[in-house]
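K.L.:
Coordinates in target20.cif, mmCIF, C-alpha atoms, are listed below.
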```cif
data_protein
loop_
_atom_site.label_atom_id
_atom_site.label_comp_id
_atom_site.auth_asym_id
_atom_site.auth_seq_id
_atom_site.Cartn_x
_atom_site.Cartn_y
_atom_site.Cartn_z
CA MET A 1 49.48 59.52 176.01
CA THR A 2 51.83 56.55 176.24
CA ARG A 3 55.34 57.70 177.15
CA ILE A 4 58.04 56.15 174.93
CA THR A 5 61.70 56.03 176.07
CA SER A 6 64.46 54.36 174.07
CA THR A 7 67.82 53.15 175.37
CA ARG A 8 70.54 50.60 174.57
CA LEU A 9 71.49 47.42 176.39
CA ALA A 10 75.10 46.52 177.18
CA ASP A 11 75.54 44.72 173.83
CA SER A 12 73.97 47.63 171.87
CA ARG A 13 70.52 46.07 171.40
CA GLU A 14 67.69 48.61 171.45
CA LEU A 15 65.22 48.58 174.35
CA ILE A 16 62.10 50.76 174.46
CA TYR A 17 59.91 51.48 177.49
CA PHE A 18 56.23 52.10 176.77
CA ASP A 19 54.77 53.56 179.97
CA ASP A 20 51.08 53.86 180.75
CA PRO A 21 49.56 57.37 180.57
CA GLY A 22 50.17 59.39 183.71
CA THR A 23 53.31 57.56 184.84
CA PRO A 24 56.29 59.69 185.94
CA GLU A 25 59.36 60.27 183.80
CA ARG A 26 61.89 57.43 183.77
CA THR A 27 64.90 57.89 185.99
CA PRO A 28 68.34 57.82 184.34
CA GLY A 29 69.19 54.66 186.27
CA SER A 30 66.43 52.70 184.54
CA LEU A 31 68.14 53.33 181.19
CA VAL A 32 71.55 51.85 182.02
CA ASP A 33 72.36 48.16 181.61
CA HIS A 34 75.26 47.39 183.98
CA ARG A 35 75.80 43.81 182.80
CA GLU A 36 78.87 42.68 180.90
CA LEU A 37 77.54 40.97 177.79
CA PRO A 38 79.45 39.43 174.90
CA ALA A 39 79.31 41.18 171.55
CA ARG A 40 76.37 40.33 169.38
CA GLY A 41 76.85 37.48 166.94
CA GLU A 42 76.52 37.68 163.20
CA PRO A 43 73.13 36.93 161.60
CA GLY A 44 72.27 33.41 160.53
CA GLU A 45 71.32 32.65 156.96
CA VAL A 46 68.28 32.14 154.79
CA ARG A 47 68.18 29.28 152.33
CA TYR A 48 65.94 29.03 149.31
CA ASP A 49 63.75 25.91 149.14
CA ALA A 50 63.74 25.16 145.43
CA LEU A 51 60.80 22.76 145.73
CA SER A 52 58.39 25.26 147.28
CA GLY A 53 59.89 28.62 146.37
CA ASP A 54 60.02 29.58 150.09
CA TRP A 55 62.82 31.07 152.16
CA VAL A 56 63.86 29.10 155.27
CA ALA A 57 65.80 30.79 158.09
CA VAL A 58 68.69 28.80 159.57
CA ALA A 59 69.49 30.03 163.09
CA ALA A 60 71.63 27.40 164.81
CA HIS A 61 72.67 29.89 167.53
CA ARG A 62 69.14 29.70 168.96
CA GLN A 63 69.90 26.23 170.34
CA THR A 64 71.48 27.96 173.35
CA ARG A 65 68.59 30.33 174.11
CA THR A 66 66.98 30.48 177.54
CA HIS A 67 64.40 27.75 178.11
CA LEU A 68 61.79 27.93 180.90
CA PRO A 69 64.03 29.39 183.63
CA PRO A 70 62.85 29.53 187.27
CA ALA A 71 61.07 32.72 188.31
CA ASP A 72 64.11 34.12 190.13
CA GLN A 73 66.14 33.89 186.90
CA CYS A 74 63.54 35.21 184.46
CA PRO A 75 65.24 37.38 181.82
CA ILE A 76 62.25 39.69 181.35
CA CYS A 77 61.34 40.39 184.95
CA PRO A 78 62.54 43.77 186.25
CA THR A 79 66.19 43.87 187.27
CA THR A 80 67.09 43.12 190.88
CA ALA A 81 70.46 42.75 192.60
CA ALA A 82 70.06 38.96 192.43
CA ASN A 83 68.74 38.90 188.86
CA PRO A 84 70.23 41.48 186.47
CA SER A 85 67.79 40.87 183.64
CA GLU A 86 67.27 42.06 180.09
CA ILE A 87 65.28 45.00 181.49
CA PRO A 88 67.49 47.38 183.54
CA ALA A 89 64.63 49.09 185.38
CA PRO A 90 63.34 47.94 188.79
CA ASP A 91 59.82 48.33 187.40
CA TYR A 92 58.12 48.93 184.06
CA ASP A 93 54.75 48.85 182.28
CA VAL A 94 55.47 47.50 178.77
CA VAL A 95 58.91 46.94 177.25
CA VAL A 96 60.06 46.07 173.73
CA PHE A 97 63.64 44.99 173.10
CA GLU A 98 65.68 43.23 170.44
CA ASN A 99 65.83 39.49 171.02
CA ARG A 100 69.21 38.29 172.26
CA PHE A 101 68.74 35.09 170.23
CA PRO A 102 67.12 36.33 167.02
CA SER A 103 65.95 34.17 164.13
CA LEU A 104 66.51 37.17 161.87
CA GLY A 105 68.98 40.05 162.14
CA PRO A 106 70.33 42.13 163.73
CA ALA A 107 71.55 43.43 160.35
CA VAL A 108 68.95 44.56 157.83
CA GLY A 109 69.10 44.37 154.07
CA ASP A 110 67.76 42.54 151.04
CA VAL A 111 67.64 38.80 150.45
CA PRO A 112 69.15 37.59 147.15
CA PRO A 113 66.98 37.88 144.03
CA LEU A 114 64.92 34.81 143.19
CA PRO A 115 66.31 32.46 140.54
CA GLY A 116 65.60 33.38 136.95
CA PRO A 117 64.02 31.23 134.24
CA GLY A 118 65.68 27.86 133.83
CA HIS A 119 67.44 27.98 137.20
CA SER A 120 66.24 25.80 140.10
CA GLY A 121 67.74 27.95 142.83
CA HIS A 122 69.56 24.98 144.37
CA ASN A 123 72.12 26.17 146.96
CA LEU A 124 70.80 29.74 146.84
CA LYS A 125 71.30 31.37 150.24
CA GLY A 126 71.83 34.75 151.84
CA THR A 127 72.12 36.60 155.12
CA ALA A 128 69.16 36.28 157.52
CA TYR A 129 68.45 39.99 157.58
CA GLY A 130 65.58 41.36 159.65
CA ARG A 131 64.62 42.15 163.22
CA CYS A 132 63.19 40.04 166.06
CA GLU A 133 61.82 41.82 169.11
CA VAL A 134 60.36 40.70 172.43
CA VAL A 135 57.32 42.49 173.91
CA ALA A 136 56.99 42.16 177.69
CA PHE A 137 53.35 42.88 178.58
CA THR A 138 53.78 43.33 182.33
CA PRO A 139 56.48 43.26 185.03
CA GLN A 140 54.55 40.44 186.76
CA HIS A 141 56.12 37.03 186.16
CA THR A 142 52.82 35.15 186.29
CA GLY A 143 49.47 35.80 184.66
CA SER A 144 48.43 36.39 181.08
CA PHE A 145 47.39 39.08 178.62
CA ALA A 146 43.75 38.40 179.51
CA GLU A 147 44.44 39.53 183.07
CA LEU A 148 45.78 42.94 182.04
CA GLY A 149 43.62 45.99 182.65
CA GLU A 150 42.34 47.98 179.69
CA THR A 151 44.90 50.75 180.24
CA ARG A 152 47.78 48.30 180.06
CA ALA A 153 46.28 46.49 177.06
CA ARG A 154 46.01 49.87 175.34
CA THR A 155 49.71 50.49 176.01
CA VAL A 156 50.60 47.14 174.42
CA ILE A 157 48.53 48.05 171.35
CA GLU A 158 50.38 51.37 171.16
CA ALA A 159 53.68 49.46 171.29
CA TRP A 160 52.56 47.11 168.50
CA ALA A 161 51.51 50.06 166.34
CA GLN A 162 54.67 52.09 166.97
CA ARG A 163 56.95 49.13 166.28
CA THR A 164 54.99 48.20 163.15
CA GLU A 165 55.58 51.69 161.76
CA ALA A 166 59.25 51.82 162.79
CA LEU A 167 60.15 48.32 161.58
CA SER A 168 58.32 48.84 158.29
CA ALA A 169 60.67 51.74 157.57
CA LEU A 170 63.85 49.65 157.93
CA PRO A 171 65.79 48.77 154.74
CA GLY A 172 64.76 45.47 153.17
CA ILE A 173 61.81 44.74 155.46
CA LYS A 174 58.85 43.24 153.56
CA GLN A 175 56.49 42.18 156.38
CA VAL A 176 55.96 42.94 160.10
CA PHE A 177 54.29 40.30 162.26
CA PRO A 178 53.33 40.82 165.94
CA PHE A 179 52.28 37.61 167.69
CA GLU A 180 51.95 35.83 171.02
CA ASN A 181 52.50 32.16 171.79
CA ARG A 182 50.72 31.31 175.04
CA GLY A 183 50.99 28.07 177.01
CA ALA A 184 53.24 25.04 177.31
CA ASP A 185 51.16 23.20 174.70
CA ILE A 186 52.20 25.84 172.16
CA GLY A 187 55.88 25.49 173.08
CA VAL A 188 56.67 28.72 174.92
CA THR A 189 60.23 29.07 176.28
CA LEU A 190 59.39 31.72 178.91
CA HIS A 191 56.48 31.68 181.35
CA HIS A 192 56.48 35.48 181.78
CA PRO A 193 53.59 37.04 179.76
CA HIS A 194 55.13 38.29 176.55
CA GLY A 195 54.86 38.33 172.78
CA GLN A 196 57.16 38.88 169.86
CA ILE A 197 57.46 40.90 166.66
CA TYR A 198 59.23 39.58 163.57
CA ALA A 199 60.24 41.89 160.73
CA TYR A 200 60.95 39.67 157.73
CA PRO A 201 63.16 40.47 154.70
CA TYR A 202 60.69 38.56 152.52
CA VAL A 203 56.93 38.05 152.36
CA THR A 204 56.20 34.87 154.32
CA PRO A 205 54.55 31.94 152.51
CA ARG A 206 51.21 32.29 154.30
CA ALA A 207 51.08 36.06 153.79
CA ALA A 208 51.95 35.63 150.12
CA GLN A 209 49.17 33.09 149.67
CA LEU A 210 46.57 35.24 151.43
CA GLY A 211 47.81 38.36 149.67
CA THR A 212 47.58 36.81 146.21
CA VAL A 213 43.99 35.67 146.77
CA ALA A 214 43.07 39.07 148.23
CA ARG A 215 44.62 40.91 145.29
CA LYS A 216 42.75 38.81 142.75
CA TYR A 217 39.43 39.57 144.47
CA TYR A 218 40.30 43.27 144.69
CA ASP A 219 41.01 43.40 140.97
CA ASP A 220 37.89 41.37 140.12
CA VAL A 221 35.63 43.92 141.88
CA ASP A 222 37.46 46.89 140.31
CA ALA A 223 39.03 47.94 143.62
CA LYS A 224 35.63 48.60 145.25
CA GLU A 225 36.40 46.65 148.44
CA THR A 226 38.93 44.30 149.99
CA LEU A 227 38.29 40.59 150.37
CA GLY A 228 38.52 40.98 154.15
CA ALA A 229 35.77 43.61 154.14
CA SER A 230 33.58 41.43 151.91
CA LEU A 231 33.95 38.39 154.18
CA LEU A 232 33.18 40.44 157.29
CA LYS A 233 30.05 41.83 155.65
CA ALA A 234 28.89 38.32 154.72
CA GLU A 235 29.55 36.93 158.23
CA ARG A 236 27.67 39.79 159.90
CA ALA A 237 24.71 39.23 157.57
CA ASP A 238 24.68 35.48 158.24
CA GLY A 239 25.24 35.75 161.99
CA SER A 240 25.69 32.05 162.78
CA ARG A 241 29.46 32.34 163.21
CA MET A 242 29.62 35.79 164.80
CA VAL A 243 31.14 36.04 168.27
CA LEU A 244 30.78 39.77 168.95
CA GLU A 245 30.13 43.05 167.17
CA ALA A 246 31.28 46.46 168.38
CA LYS A 247 31.46 49.92 166.84
CA HIS A 248 34.83 49.48 165.13
CA PHE A 249 35.58 45.74 165.34
CA SER A 250 33.78 42.44 164.92
CA ALA A 251 34.89 38.89 165.64
CA TYR A 252 33.74 35.67 164.03
CA VAL A 253 34.71 32.04 163.57
CA PRO A 254 35.63 31.65 159.88
CA PHE A 255 33.42 29.48 157.66
CA ALA A 256 36.31 27.12 156.88
CA ALA A 257 38.15 27.28 160.21
CA ARG A 258 41.24 25.08 160.24
CA TRP A 259 41.69 24.82 164.00
CA PRO A 260 39.35 23.47 166.73
CA LEU A 261 39.21 27.04 168.08
CA GLU A 262 39.76 29.86 165.59
CA ILE A 263 38.53 33.45 165.76
CA HIS A 264 39.14 36.31 163.36
CA LEU A 265 38.94 39.84 164.77
CA VAL A 266 38.57 42.38 161.97
CA PRO A 267 38.27 46.19 161.93
CA HIS A 268 35.19 47.53 160.15
CA ARG A 269 37.39 50.02 158.31
CA SER A 270 39.82 48.59 155.76
CA VAL A 271 43.32 49.29 157.09
CA PRO A 272 46.62 47.55 156.26
CA ASP A 273 48.11 47.36 159.75
CA LEU A 274 47.90 48.33 163.42
CA ALA A 275 49.75 51.59 162.79
CA ALA A 276 46.86 52.75 160.58
CA LEU A 277 44.25 52.45 163.36
CA THR A 278 42.89 55.68 164.83
CA GLY A 279 43.06 56.45 168.55
CA GLU A 280 39.38 55.61 168.95
CA GLU A 281 39.84 52.29 167.18
CA ARG A 282 42.82 51.42 169.38
CA ASP A 283 40.78 52.31 172.48
CA GLU A 284 38.02 49.90 171.48
CA LEU A 285 40.48 47.20 170.48
CA SER A 286 41.94 47.21 174.00
CA TYR A 287 38.73 45.86 175.54
CA VAL A 288 37.38 43.87 172.61
CA TYR A 289 40.65 41.89 172.47
CA LEU A 290 40.57 41.30 176.23
CA ASP A 291 36.98 40.11 175.87
CA LEU A 292 37.97 37.49 173.31
CA LEU A 293 40.86 36.18 175.41
CA LYS A 294 38.62 35.90 178.48
CA ARG A 295 36.08 33.96 176.44
CA LEU A 296 38.75 31.47 175.41
CA ASP A 297 39.88 31.00 179.01
CA SER A 298 36.28 30.47 180.13
CA LEU A 299 35.67 27.47 177.86
CA TYR A 300 37.63 24.93 179.93
CA PRO A 301 38.79 24.56 183.56
CA THR A 302 42.42 25.38 182.68
CA PRO A 303 43.87 28.33 180.71
CA MET A 304 43.67 28.05 176.94
CA PRO A 305 46.89 27.57 174.93
CA TYR A 306 46.76 29.82 171.87
CA ILE A 307 48.59 31.62 169.11
CA SER A 308 47.56 35.23 168.63
CA ALA A 309 48.68 36.24 165.13
CA TRP A 310 48.29 39.77 163.79
CA HIS A 311 48.04 39.50 160.00
CA GLN A 312 49.21 42.82 158.59
CA ALA A 313 49.41 43.64 154.90
CA PRO A 314 52.90 43.01 153.45
CA LEU A 315 54.87 46.06 152.37
CA ASP A 316 54.91 44.81 148.78
CA PRO A 317 52.86 47.51 146.96
CA VAL A 318 50.91 45.03 144.83
CA LEU A 319 49.76 42.98 147.85
CA ARG A 320 49.42 45.87 150.30
CA THR A 321 46.69 47.72 148.43
CA ALA A 322 44.33 44.77 148.76
CA GLY A 323 45.47 43.80 152.27
CA GLN A 324 43.31 43.93 155.39
CA LEU A 325 44.50 43.87 158.99
CA HIS A 326 43.01 41.04 161.03
CA LEU A 327 43.79 38.99 164.09
CA GLN A 328 43.79 35.20 163.79
CA LEU A 329 43.39 33.71 167.27
CA THR A 330 43.80 29.93 167.26
CA SER A 331 44.11 27.08 169.75
CA PRO A 332 44.92 23.40 169.15
CA ARG A 333 42.69 22.36 172.07
CA ARG A 334 39.74 20.34 170.74
CA ALA A 335 38.45 19.25 174.18
CA ALA A 336 39.34 19.90 177.80
CA ASP A 337 41.90 17.07 177.76
CA LYS A 338 42.68 16.72 174.04
CA LEU A 339 44.89 18.59 171.60
CA LYS A 340 44.89 18.61 167.82
CA TYR A 341 48.30 17.63 166.49
CA LEU A 342 49.39 18.43 162.96
CA ALA A 343 49.93 14.93 161.62
CA GLY A 344 50.12 13.49 158.09
CA SER A 345 47.43 15.42 156.23
CA GLU A 346 48.12 18.79 157.85
CA ALA A 347 51.89 18.68 158.35
CA ALA A 348 52.82 16.97 155.09
CA MET A 349 50.07 18.09 152.72
CA GLY A 350 48.83 21.32 154.31
CA ALA A 351 45.29 19.88 154.04
CA PHE A 352 43.52 20.64 157.32
CA ILE A 353 40.76 18.51 158.84
CA ASN A 354 38.73 20.17 161.61
CA ASP A 355 37.08 18.08 164.34
CA THR A 356 34.68 20.87 165.32
CA THR A 357 32.07 22.90 163.42
CA PRO A 358 32.61 26.67 163.22
CA GLU A 359 28.94 27.34 163.99
CA ALA A 360 29.03 25.30 167.23
CA VAL A 361 32.28 26.94 168.33
CA ALA A 362 30.86 30.42 167.67
CA GLU A 363 27.76 29.62 169.70
CA ARG A 364 29.87 28.50 172.67
CA LEU A 365 31.96 31.66 172.46
CA ARG A 366 28.86 33.85 172.25
CA ASN A 367 27.29 32.26 175.30
CA VAL A 368 30.28 32.05 177.60
CA ALA A 369 30.47 34.65 180.37
CA ALA A 370 33.54 36.54 179.30
CA THR A 371 33.83 40.26 179.93
CA ALA A 372 35.24 41.23 183.31
CA SER A 373 34.89 44.98 182.84
CA ASN A 374 31.68 46.98 183.17
CA LYS A 375 31.96 48.30 179.63
CA SER A 376 29.32 47.09 177.21
CA LEU A 377 30.12 46.64 173.57
CA GLU A 378 28.24 48.90 171.21
CA GLY A 379 25.73 46.76 169.42
CA THR A 380 24.78 43.35 170.78
CA PRO A 381 26.56 40.02 170.51
CA ALA A 382 25.37 38.20 167.44
#
```
Could you take the file, read its structure, and then write that structure out as C-alpha cells?
P.N.:
Amino acid sequence: MTRITSTRLADSRELIYFDDPGTPERTPGSLVDHRELPARGEPGEVRYDALSGDWVAVAAHRQTRTHLPPADQCPICPTTAANPSEIPAPDYDVVVFENRFPSLGPAVGDVPPLPGPGHSGHNLKGTAYGRCEVVAFTPQHTGSFAELGETRARTVIEAWAQRTEALSALPGIKQVFPFENRGADIGVTLHHPHGQIYAYPYVTPRAAQLGTVARKYYDDVDAKETLGASLLKAERADGSRMVLEAKHFSAYVPFAARWPLEIHLVPHRSVPDLAALTGEERDELSYVYLDLLKRLDSLYPTPMPYISAWHQAPLDPVLRTAGQLHLQLTSPRRAADKLKYLAGSEAAMGAFINDTTPEAVAERLRNVAATASNKSLEGTPA
C-alpha cells in the first residue's frame, strides 16, 4: 500500500508525501520546513466574460513565479543545505503540495451566481476560490514520466486518485483536473518532472461543453450507456484508429482528432473519475499509461512535447451522471521539426484544422516499438 503522510510548509501550505509500497516510515525531520517564508497572499479574482458566459481567473501575482531555474535551485528537488526547497525531505518518492503561486485559492467557496434574465453580467466578479497543487513525480531533476518504473507510476496514480477525492469534498469545488505539461514547446516553467491538479469553483468551458453533449446522449438512450462507452465500443469494432487494448483500458485516436497527435485512453467500465477506479484497474493503468508515453517518445528523435489531461466528470449532479473518465493526450508536434500553432481559425474561432489523419497516426502508434517492460497487455494491439 502507498504510505500517505501529510504536513505543513512554513507558510501553512499543505504538503503530502506519497511513498512507494515497502518504504520505511518518514522521519520527523522530513516533515519540518525550516525556511522563513512570507505569509500567503490573498486569492486573485474571477471575472465573468459576458460575451461567452465563461469565468476568467485573474492572477497577477503569478508574474513573479519561478521560471526555469538552474538545477541547483530547483524548488521541487529534495532539500539540501544549499537548496532549501519546497520539499523539506532529503529524499522522497511522490509529493503533492499546494502551489506557492496559485491561479485559484487558497481560500475555497462559491463564485457569484450567474446574471439573471435581462442582465449582461458586465463587471461581475468574485474571489478566485479553489485549489492548485503541484505533483512531483520523482526526486530526480531530469527525466520524464515515461522513464518511471511501474511501481512509481502506480504511486502517482494513487496520488491523483486520493487528491481527486479530497479536493472534490472541499466547499464550492465543481471540477477536479489533474494534468501534466511536458516540454519547452508546451511552455513549462520547471524542468523537473511534475504535473498539477486544479480544483475549480466552476465547471470549465470545455468540461461544460463535453458534459452537455454527453448528458443529451445519455438521456436519448434512456440512461443505458454513457457517450464515452458508446464511442469506445464503436472504435474497438472499427479498429482502424485503435492504438492498444488491454483488460480494463483501451486507447485510440479519436475520429475527429483536433491535434496532430491525440490519443484518448478510456476505461472499459464507466466511471466518473480516477478515485472510482478499482485497485486492479489502477494497477493496469500504471503500465498502459507508461506504454502510451513511450510510444509518443519513440515517434521522433527528440522527446515529445505533450499535454496529458485527465477529463473527470464535473461534480455537477446533472453532468456527472453521464460523465466518463478519460485521458486526452495531445501534442502540437506535426513533424520532427514542425509544431502546430493555434492561429486564426483555432485561436479566434475555435475551429480546428488537423494536418494529419487519425487513421495514419494510429497506425504509427500501433507499430512503434514502445513497451520497455516485459509485461504483455491482455488482448492484442488492434
K.L.:
Give as a list in words the residues that the PyMOL selection byres ((chain A and resi 120-126) around 8) matches when applied to the coordinates above.
P.N.:
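With the shown file as input, the PyMOL selection byres ((chain A and resi 120-126) around 8) matches Glu45, Val46, Arg47, Tyr48, Asp49, Ala50, Val111, Pro112, Leu114, Pro115, Gly118, His119, Thr127 and Ala128 of chain A.
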K.L.:
Between atom CA of A:Leu15 and atom CA of A:Val32, what is the spacing in Å?
P.N.:
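Atom CA of A:Val32 sits 10.5 Å away from atom CA of A:Leu15.
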K.L.:
In Å, how far is it from atom CA of A:Glu284 to atom CA of A:Ser230?
P.N.:
21.8 Å
K.L.:
Which residues, named as in the file, does the PyMOL selection byres ((chain A and resi 227) around 8) pick out? Answer as JSON, numbers by chain.
P.N.:
{"A": [214, 217, 218, 225, 226, 228, 229, 230, 231, 322, 324]}
K.L.:
Which is closer to A:Pro332 than all the others in A:Lys174, A:Arg258, A:Arg241, A:Arg8, using all atoms listed in the file?
P.N.:
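Closest to A:Pro332 of all the choices is A:Arg258.
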K.L.:
In file coordinates, which residues lie within 12 Å of (56.1, 26.3, 172.3) using all atoms listed in the file, given as a PyMOL selection string?
P.N.:
chain A and resi 67-68+180-191+305-307+332
K.L.:
Please list, as number ranges by chain, the residues that have an atom at most 12 Å away from (66.3, 57.7, 174.6) in the coordinates of this file, counting only C-alpha atoms.
P.N.:
A: 3-9, 14-18, 25-28, 30-32
K.L.:
Give the answer as one residue: which of A:His194, A:Ala159, A:Pro254, A:His141 has the shortest atom-to-atom distance to A:Ala71, using all atoms listed in the file?
P.N.:
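The answer is A:His141, which sits nearest to A:Ala71.
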K.L.:
Missing atoms in stretch 20-39 of chain A: fill them in up to N, CA and C atoms and send the result as a PDB file, keeping the file's coordinate frame.
P.N.:
```
ATOM      1  N   ASP A  20      52.491  53.491 180.740  1.00  0.00           N
ATOM      2  CA  ASP A  20      51.080  53.860 180.750  1.00  0.00           C
ATOM      3  C   ASP A  20      50.915  55.369 180.905  1.00  0.00           C
ATOM      4  N   PRO A  21      49.812  55.939 180.391  1.00  0.00           N
ATOM      5  CA  PRO A  21      49.560  57.370 180.570  1.00  0.00           C
ATOM      6  C   PRO A  21      49.572  57.757 182.052  1.00  0.00           C
ATOM      7  N   GLY A  22      50.165  58.893 182.344  1.00  0.00           N
ATOM      8  CA  GLY A  22      50.170  59.390 183.710  1.00  0.00           C
ATOM      9  C   GLY A  22      51.331  58.924 184.565  1.00  0.00           C
ATOM     10  N   THR A  23      52.167  58.027 184.053  1.00  0.00           N
ATOM     11  CA  THR A  23      53.310  57.560 184.840  1.00  0.00           C
ATOM     12  C   THR A  23      54.410  58.615 184.815  1.00  0.00           C
ATOM     13  N   PRO A  24      55.226  58.672 185.886  1.00  0.00           N
ATOM     14  CA  PRO A  24      56.290  59.690 185.940  1.00  0.00           C
ATOM     15  C   PRO A  24      57.398  59.402 184.931  1.00  0.00           C
ATOM     16  N   GLU A  25      58.213  60.413 184.699  1.00  0.00           N
ATOM     17  CA  GLU A  25      59.360  60.270 183.800  1.00  0.00           C
ATOM     18  C   GLU A  25      60.290  59.163 184.305  1.00  0.00           C
ATOM     19  N   ARG A  26      60.931  58.474 183.397  1.00  0.00           N
ATOM     20  CA  ARG A  26      61.890  57.430 183.770  1.00  0.00           C
ATOM     21  C   ARG A  26      63.147  58.056 184.361  1.00  0.00           C
ATOM     22  N   THR A  27      63.663  57.426 185.400  1.00  0.00           N
ATOM     23  CA  THR A  27      64.900  57.890 185.990  1.00  0.00           C
ATOM     24  C   THR A  27      66.080  57.454 185.131  1.00  0.00           C
ATOM     25  N   PRO A  28      67.178  58.210 185.156  1.00  0.00           N
ATOM     26  CA  PRO A  28      68.340  57.820 184.340  1.00  0.00           C
ATOM     27  C   PRO A  28      68.838  56.417 184.649  1.00  0.00           C
ATOM     28  N   GLY A  29      68.713  55.976 185.910  1.00  0.00           N
ATOM     29  CA  GLY A  29      69.190  54.660 186.270  1.00  0.00           C
ATOM     30  C   GLY A  29      68.478  53.530 185.572  1.00  0.00           C
ATOM     31  N   SER A  30      67.203  53.751 185.196  1.00  0.00           N
ATOM     32  CA  SER A  30      66.430  52.700 184.540  1.00  0.00           C
ATOM     33  C   SER A  30      66.840  52.510 183.087  1.00  0.00           C
ATOM     34  N   LEU A  31      67.720  53.379 182.592  1.00  0.00           N
ATOM     35  CA  LEU A  31      68.140  53.330 181.190  1.00  0.00           C
ATOM     36  C   LEU A  31      69.512  52.700 181.003  1.00  0.00           C
ATOM     37  N   VAL A  32      70.177  52.338 182.107  1.00  0.00           N
ATOM     38  CA  VAL A  32      71.550  51.850 182.020  1.00  0.00           C
ATOM     39  C   VAL A  32      71.615  50.371 182.348  1.00  0.00           C
ATOM     40  N   ASP A  33      72.161  49.597 181.419  1.00  0.00           N
ATOM     41  CA  ASP A  33      72.360  48.160 181.610  1.00  0.00           C
ATOM     42  C   ASP A  33      73.798  47.960 182.115  1.00  0.00           C
ATOM     43  N   HIS A  34      73.937  47.510 183.369  1.00  0.00           N
ATOM     44  CA  HIS A  34      75.260  47.390 183.980  1.00  0.00           C
ATOM     45  C   HIS A  34      75.889  46.009 183.757  1.00  0.00           C
ATOM     46  N   ARG A  35      75.237  45.136 183.023  1.00  0.00           N
ATOM     47  CA  ARG A  35      75.800  43.810 182.800  1.00  0.00           C
ATOM     48  C   ARG A  35      76.980  43.867 181.826  1.00  0.00           C
ATOM     49  N   GLU A  36      77.822  42.869 181.906  1.00  0.00           N
ATOM     50  CA  GLU A  36      78.870  42.680 180.900  1.00  0.00           C
ATOM     51  C   GLU A  36      78.411  41.570 179.962  1.00  0.00           C
ATOM     52  N   LEU A  37      78.061  41.935 178.758  1.00  0.00           N
ATOM     53  CA  LEU A  37      77.540  40.970 177.790  1.00  0.00           C
ATOM     54  C   LEU A  37      78.522  40.798 176.642  1.00  0.00           C
ATOM     55  N   PRO A  38      78.586  39.616 176.080  1.00  0.00           N
ATOM     56  CA  PRO A  38      79.450  39.430 174.900  1.00  0.00           C
ATOM     57  C   PRO A  38      78.891  40.200 173.711  1.00  0.00           C
ATOM     58  N   ALA A  39      79.752  40.479 172.771  1.00  0.00           N
ATOM     59  CA  ALA A  39      79.310  41.180 171.550  1.00  0.00           C
ATOM     60  C   ALA A  39      78.275  40.344 170.823  1.00  0.00           C
TER      61      ALA A  39
END
```
